[in-house]
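Colleague: structure20.cif is the file, holding mmCIF, C-alpha atoms:
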data_data
loop_
_atom_site.group_PDB
_atom_site.id
_atom_site.type_symbol
_atom_site.label_atom_id
_atom_site.label_comp_id
_atom_site.auth_asym_id
_atom_site.auth_seq_id
_atom_site.Cartn_x
_atom_site.Cartn_y
_atom_site.Cartn_z
ATOM 1 C CA MET A 226 -4.723 5.395 12.662
ATOM 2 C CA ALA A 227 -7.511 7.481 11.199
ATOM 3 C CA LEU A 228 -8.588 6.591 7.703
ATOM 4 C CA VAL A 229 -8.734 10.255 6.745
ATOM 5 C CA THR A 230 -6.466 12.804 8.407
ATOM 6 C CA VAL A 231 -7.905 16.311 8.796
ATOM 7 C CA THR A 232 -5.366 18.816 10.096
ATOM 8 C CA ASP A 233 -6.403 21.239 12.843
ATOM 9 C CA SER A 234 -6.224 24.164 10.426
ATOM 10 C CA ALA A 235 -8.511 22.374 7.951
ATOM 11 C CA ARG A 236 -10.926 21.423 10.714
ATOM 12 C CA ASP A 237 -11.115 25.005 11.982
ATOM 13 C CA TYR A 238 -11.564 26.368 8.463
ATOM 14 C CA LEU A 239 -14.353 23.892 7.673
ATOM 15 C CA ALA A 240 -15.987 24.641 11.032
ATOM 16 C CA GLN A 241 -16.085 28.349 10.086
ATOM 17 C CA LEU A 242 -17.698 27.546 6.732
ATOM 18 C CA ILE A 243 -20.275 25.321 8.430
ATOM 19 C CA GLU A 244 -21.102 28.040 10.950
ATOM 20 C CA LYS A 245 -21.909 30.426 8.083
ATOM 21 C CA GLN A 246 -24.402 27.891 6.698
ATOM 22 C CA ASP A 247 -26.388 28.246 9.925
ATOM 23 C CA VAL A 248 -27.839 24.715 9.789
ATOM 24 C CA GLU A 249 -28.103 22.790 13.043
ATOM 25 C CA GLY A 250 -26.065 19.565 12.944
ATOM 26 C CA MET A 251 -24.414 20.343 9.611
ATOM 27 C CA GLY A 252 -21.458 18.118 8.818
ATOM 28 C CA VAL A 253 -19.038 17.572 5.969
ATOM 29 C CA ARG A 254 -19.084 14.591 3.655
ATOM 30 C CA ILE A 255 -16.052 13.318 1.777
ATOM 31 C CA PHE A 256 -16.490 11.068 -1.234
ATOM 32 C CA VAL A 257 -14.696 9.966 -4.379
ATOM 33 C CA THR A 258 -16.352 10.256 -7.787
ATOM 34 C CA GLN A 259 -15.374 7.562 -10.313
ATOM 35 C CA PRO A 260 -13.209 5.824 -7.689
ATOM 36 C CA GLY A 261 -10.596 3.404 -8.970
ATOM 37 C CA THR A 262 -10.268 5.172 -12.319
ATOM 38 C CA LYS A 263 -7.808 7.779 -13.500
ATOM 39 C CA HIS A 264 -10.697 10.273 -13.490
ATOM 40 C CA ALA A 265 -11.252 9.871 -9.761
ATOM 41 C CA GLU A 266 -11.892 13.131 -7.921
ATOM 42 C CA THR A 267 -12.019 13.457 -4.161
ATOM 43 C CA CYS A 268 -14.727 15.888 -3.067
ATOM 44 C CA LEU A 269 -15.884 17.583 0.101
ATOM 45 C CA ALA A 270 -19.492 18.701 0.441
ATOM 46 C CA TYR A 271 -21.757 20.064 3.144
ATOM 47 C CA CYS A 272 -23.839 17.346 4.732
ATOM 48 C CA PRO A 273 -27.007 18.619 6.442
ATOM 49 C CA PRO A 274 -28.727 16.114 8.754
ATOM 50 C CA ASN A 275 -31.358 15.210 6.144
ATOM 51 C CA GLU A 276 -28.633 14.085 3.708
ATOM 52 C CA ILE A 277 -26.794 11.743 6.060
ATOM 53 C CA VAL A 278 -26.570 8.269 4.534
ATOM 54 C CA PRO A 279 -26.977 5.458 7.101
ATOM 55 C CA THR A 280 -24.011 3.522 5.672
ATOM 56 C CA ASP A 281 -21.631 6.495 5.932
ATOM 57 C CA GLU A 282 -18.762 6.122 8.348
ATOM 58 C CA GLN A 283 -18.726 8.966 10.858
ATOM 59 C CA VAL A 284 -15.639 10.683 12.224
ATOM 60 C CA ASP A 285 -16.183 13.018 15.151
ATOM 61 C CA LEU A 286 -13.973 16.089 14.687
ATOM 62 C CA GLU A 287 -15.403 17.802 17.803
ATOM 63 C CA LYS A 288 -16.557 20.917 15.953
ATOM 64 C CA PHE A 289 -18.487 18.869 13.388
ATOM 65 C CA THR A 290 -18.908 15.338 12.073
ATOM 66 C CA LEU A 291 -17.043 14.159 8.985
ATOM 67 C CA PHE A 292 -19.019 11.601 6.998
ATOM 68 C CA LEU A 293 -17.133 9.160 4.792
ATOM 69 C CA ASP A 294 -19.093 7.803 1.846
ATOM 70 C CA HIS A 295 -19.222 4.047 2.381
ATOM 71 C CA ALA A 296 -18.398 3.116 -1.237
ATOM 72 C CA SER A 297 -15.455 5.537 -1.212
ATOM 73 C CA VAL A 298 -13.863 4.228 1.982
ATOM 74 C CA PRO A 299 -11.344 1.838 0.328
ATOM 75 C CA PHE A 300 -10.222 4.734 -1.869
ATOM 76 C CA LEU A 301 -9.964 7.221 1.017
ATOM 77 C CA GLU A 302 -7.286 5.271 2.872
ATOM 78 C CA ASP A 303 -4.471 7.651 3.886
ATOM 79 C CA ALA A 304 -6.413 10.664 2.584
ATOM 80 C CA TYR A 305 -5.222 13.987 4.001
ATOM 81 C CA VAL A 306 -7.157 17.242 4.230
ATOM 82 C CA ASP A 307 -5.190 20.406 4.969
ATOM 83 C CA TYR A 308 -5.739 24.144 4.928
ATOM 84 C CA ALA A 309 -2.865 26.531 4.299
ATOM 85 C CA LYS A 310 -3.174 30.296 4.523
ATOM 86 C CA ASP A 311 -1.650 32.289 1.688
ATOM 87 C CA GLN A 312 -1.832 35.793 0.210
ATOM 88 C CA MET A 313 -5.167 35.012 -1.434
ATOM 89 C CA GLY A 314 -6.698 33.991 1.884
ATOM 90 C CA GLY A 315 -5.984 30.308 1.905
ATOM 91 C CA GLN A 316 -6.420 27.008 0.188
ATOM 92 C CA LEU A 317 -8.021 23.770 1.241
ATOM 93 C CA THR A 318 -6.237 20.764 -0.235
ATOM 94 C CA ILE A 319 -7.271 17.131 -0.287
ATOM 95 C CA LYS A 320 -4.715 14.469 -1.054
ATOM 96 C CA ALA A 321 -6.142 10.996 -1.577
ATOM 97 C CA PRO A 322 -3.341 8.763 -2.855
ATOM 98 C CA ASN A 323 -5.654 5.756 -3.131
ATOM 99 C CA ALA A 324 -8.575 7.406 -4.946
ATOM 100 C CA LYS A 325 -7.534 6.182 -8.387
ATOM 101 C CA VAL A 326 -6.526 2.704 -7.276
ATOM 102 C CA PRO A 327 -7.152 1.017 -3.945
ATOM 103 C CA ASN A 328 -3.999 0.473 -1.943
ATOM 104 C CA VAL A 329 -1.926 -2.608 -2.754
ATOM 105 C CA ASP A 330 0.357 -4.329 -0.296
ATOM 106 C CA GLU A 331 3.974 -5.302 -0.808
ATOM 107 C CA ASN A 332 3.005 -8.878 -1.673
ATOM 108 C CA ALA A 333 1.009 -7.800 -4.713
ATOM 109 C CA PRO A 334 2.462 -8.633 -8.154
ATOM 110 C CA LEU A 335 5.164 -6.250 -9.341
ATOM 111 C CA PRO A 336 3.098 -4.680 -12.186
ATOM 112 C CA ASP A 337 0.240 -3.973 -9.748
ATOM 113 C CA ARG A 338 2.596 -2.211 -7.379
ATOM 114 C CA ILE A 339 4.171 -0.177 -10.188
ATOM 115 C CA ASN A 340 0.727 0.809 -11.498
ATOM 116 C CA TYR A 341 -0.297 1.827 -8.001
ATOM 117 C CA VAL A 342 2.680 4.186 -7.631
ATOM 118 C CA LEU A 343 2.074 5.613 -11.111
ATOM 119 C CA ALA A 344 -1.608 6.251 -10.401
ATOM 120 C CA SER A 345 -1.279 7.515 -6.855
ATOM 121 C CA GLU A 346 1.935 9.534 -6.958
ATOM 122 C CA ILE A 347 3.350 10.109 -10.403
ATOM 123 C CA ASN A 348 0.400 10.812 -12.701
ATOM 124 C CA PRO A 349 -1.222 13.438 -10.450
ATOM 125 C CA GLY A 350 1.987 15.490 -10.844
ATOM 126 C CA LEU A 351 2.170 14.993 -14.589
ATOM 127 C CA ALA A 352 -1.504 15.773 -15.053
ATOM 128 C CA SER A 353 -0.852 19.478 -14.510
ATOM 129 C CA HIS A 354 1.288 19.363 -17.660
ATOM 130 C CA GLY A 355 -1.316 17.345 -19.548
ATOM 131 C CA GLY A 356 0.841 14.232 -19.405
ATOM 132 C CA ASP A 357 0.488 10.775 -18.052
ATOM 133 C CA VAL A 358 2.596 7.676 -17.845
ATOM 134 C CA SER A 359 1.595 4.019 -18.003
ATOM 135 C CA LEU A 360 3.382 0.725 -17.514
ATOM 136 C CA VAL A 361 3.988 -1.234 -20.721
ATOM 137 C CA GLU A 362 5.885 -4.188 -19.283
ATOM 138 C CA VAL A 363 8.531 -5.249 -16.837
ATOM 139 C CA VAL A 364 11.634 -6.668 -18.550
ATOM 140 C CA ASP A 365 14.495 -8.574 -16.940
ATOM 141 C CA GLU A 366 12.294 -8.746 -13.826
ATOM 142 C CA SER A 367 13.491 -5.345 -12.655
ATOM 143 C CA VAL A 368 13.287 -2.825 -15.503
ATOM 144 C CA ALA A 369 10.001 -0.949 -15.852
ATOM 145 C CA VAL A 370 9.211 0.040 -19.440
ATOM 146 C CA LEU A 371 6.878 3.053 -19.403
ATOM 147 C CA ARG A 372 4.859 4.878 -22.028
ATOM 148 C CA PHE A 373 4.588 8.632 -21.683
ATOM 149 C CA GLY A 374 1.378 10.084 -23.101
ATOM 150 C CA GLY A 375 -0.278 13.455 -23.474
ATOM 151 C CA GLY A 376 1.915 16.493 -22.942
ATOM 152 C CA CYS A 377 4.962 14.353 -22.133
ATOM 153 C CA GLN A 378 5.338 13.025 -25.656
ATOM 154 C CA GLY A 379 8.042 14.721 -27.623
ATOM 155 C CA CYS A 380 8.707 17.053 -24.723
ATOM 156 C CA SER A 381 12.406 17.808 -24.532
ATOM 157 C CA ALA A 382 12.269 17.617 -20.758
ATOM 158 C CA VAL A 383 10.835 14.105 -20.827
ATOM 159 C CA SER A 384 14.198 12.414 -20.370
ATOM 160 C CA LEU A 385 14.987 14.642 -17.413
ATOM 161 C CA THR A 386 11.545 14.249 -15.891
ATOM 162 C CA LEU A 387 11.634 10.538 -16.558
ATOM 163 C CA LYS A 388 15.051 9.947 -15.118
ATOM 164 C CA GLN A 389 14.816 12.168 -12.077
ATOM 165 C CA GLY A 390 11.221 12.083 -10.963
ATOM 166 C CA VAL A 391 9.640 8.875 -12.113
ATOM 167 C CA GLU A 392 12.647 6.628 -11.717
ATOM 168 C CA SER A 393 13.585 7.812 -8.233
ATOM 169 C CA THR A 394 9.973 7.582 -7.029
ATOM 170 C CA LEU A 395 9.491 4.100 -8.457
ATOM 171 C CA LYS A 396 12.795 2.783 -7.094
ATOM 172 C CA GLU A 397 11.973 4.179 -3.683
ATOM 173 C CA ARG A 398 8.448 2.732 -3.577
ATOM 174 C CA VAL A 399 9.138 -0.531 -5.425
ATOM 175 C CA PRO A 400 12.664 -1.559 -4.403
ATOM 176 C CA GLU A 401 12.849 -4.420 -6.949
ATOM 177 C CA ILE A 402 12.938 -1.891 -9.782
ATOM 178 C CA THR A 403 16.513 -1.220 -10.876
ATOM 179 C CA ALA A 404 15.816 1.020 -13.862
ATOM 180 C CA VAL A 405 13.121 2.766 -15.857
ATOM 181 C CA ARG A 406 12.985 2.911 -19.650
ATOM 182 C CA ASP A 407 10.798 4.873 -22.020
ATOM 183 C CA VAL A 408 8.995 2.641 -24.540
ATOM 184 C CA THR A 409 9.912 5.106 -27.295
ATOM 185 C CA ASP A 410 13.582 4.495 -26.573
ATOM 186 C CA HIS A 411 14.196 1.830 -29.213
ATOM 187 C CA SER A 412 17.606 1.033 -27.806
ATOM 188 C CA VAL A 413 16.039 -0.374 -24.647
ATOM 189 C CA LYS A 414 17.095 -3.945 -25.339
ATOM 190 C CA ASP A 415 20.628 -3.106 -26.550
ATOM 191 C CA ASN A 416 21.559 -0.766 -23.755
ATOM 192 C CA ALA A 417 19.975 -2.590 -20.897
ATOM 193 C CA TYR A 418 23.292 -3.889 -19.572
ATOM 194 C CA TYR A 419 25.404 -0.754 -19.972
ATOM 195 C CA GLN A 420 24.381 1.648 -17.250
#
Would you write out, as structure tokens, the structure that this file holds?
Modeller:
Amino acid sequence: MALVTVTDSARDYLAQLIEKQDVEGMGVRIFVTQPGTKHAETCLAYCPPNEIVPTDEQVDLEKFTLFLDHASVPFLEDAYVDYAKDQMGGQLTIKAPNAKVPNVDENAPLPDRINYVLASEINPGLASHGGDVSLVEVVDESVAVLRFGGGCQGCSAVSLTLKQGVESTLKERVPEITAVRDVTDHSVKDNAYYQ
């Protein structure tokens, strides 16, 4: 299993861009800035031969070499690079679910696994609305109490977003979770047993 998956369309698109640079042996480097933090960004850059770092991992994509920044490798696990054509010409997308937190396995403590799902799957979606969500605590060993910040606070759709999106994703990824509560819901303790 490749660490980073580059679809054929993305490879062909990148190969075209490289050709335009007209540099012999030009490759593409993928790296994560501020890896392991919520500010992590996954970046692609041209990599001419004189900028190759000896510790980089190299992936031969036939048309060019993809260089993986050594320090970023744990955060690039399961990364996916795709290119989709649209009316505007097309868009290159990079999904790196482990950029903000390195992957955790199913034996990791429950809070770690919840935080991983929040950082890798849920917060990137909320970020476009200026919101984010964090784990406050796990109560009754199966109820995740979350704090919604940023644009989610006081948003009338928060209960819908919370219930539908966050809860279903968390239950799917972390099967021990039976319910999700919002920390601002002061009736958490009283209502916990009446679903």
Colleague: Under the rule that all atoms listed in the file are counted, which of A:Ala321, A:Ala240, A:Met251, A:Val284 is the nearest residue to A:Asp303?
Modeller: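 Using all atoms listed in the file, A:Asp303 sits closest to A:Ala321.
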Colleague: Residues picked by the PyMOL selection byres ((chain A and resi 325) around 12) here, as a ChimeraX atom specification?
Modeller: /A:257-267,297,299-302,304,320-324,326-329,340-349
Colleague: Write out as a PyMOL selection string which residues come within 12 Å of stretch 389-397 of chain A when counting all atoms listed in the file, dropping same-chain ones fewer than 3 positions away.
Modeller: chain A and resi 335-336+338-351+357-360+367-373+382-386+400-407
Colleague: Can you list what the PyMOL selection byres ((chain A and resi 287) around 12) grabs from this structure, as a list in words?
Modeller: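 Answer for the PyMOL selection byres ((chain A and resi 287) around 12): Val231, Asp233, Arg236, Asp237, Leu239, Ala240, Gly250, Gly252, Gln283, Val284, Asp285, Leu286, Lys288, Phe289, Thr290 and Leu291 of chain A.
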Colleague: One decimal, in Å: what's the spacing between atom CA of A:Val298 and atom CA of A:Phe256?
Modeller: 8.0 Å
Colleague: Could you tell me how far atom CA of A:Val399 lies from atom CA of A:Val361, in Å and to one decimal?
Modeller: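 Atom CA of A:Val361 lies 16.2 Å from atom CA of A:Val399.
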Colleague: Grab the atom CA of A:Ile319 to atom CA of A:Glu244 distance for me, in Å with one decimal place.
Modeller: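 Interatomic distance here is 20.9 Å.
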Colleague: To verify the selection step, state as a list in words which residues the PyMOL selection byres ((chain A and resi 277) around 10) yields on this input.
Modeller: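 Checked against the file, the PyMOL selection byres ((chain A and resi 277) around 10) matches Met251, Gly252, Val253, Arg254, Cys272, Pro273, Pro274, Asn275, Glu276, Val278, Pro279, Thr280, Asp281, Gln283, Phe292 and Asp294 of chain A.
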Colleague: Go through A:Val408, A:Ala309, A:Leu293, A:Arg398 one by one, measure the shortest atom-to-atom distance of each to A:Val363 using all atoms listed in the file, and give the residue with the smallest value.
Modeller: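 Of A:Val408, A:Ala309, A:Leu293, A:Arg398, the one nearest A:Val363, counting all atoms listed in the file, is A:Val408.
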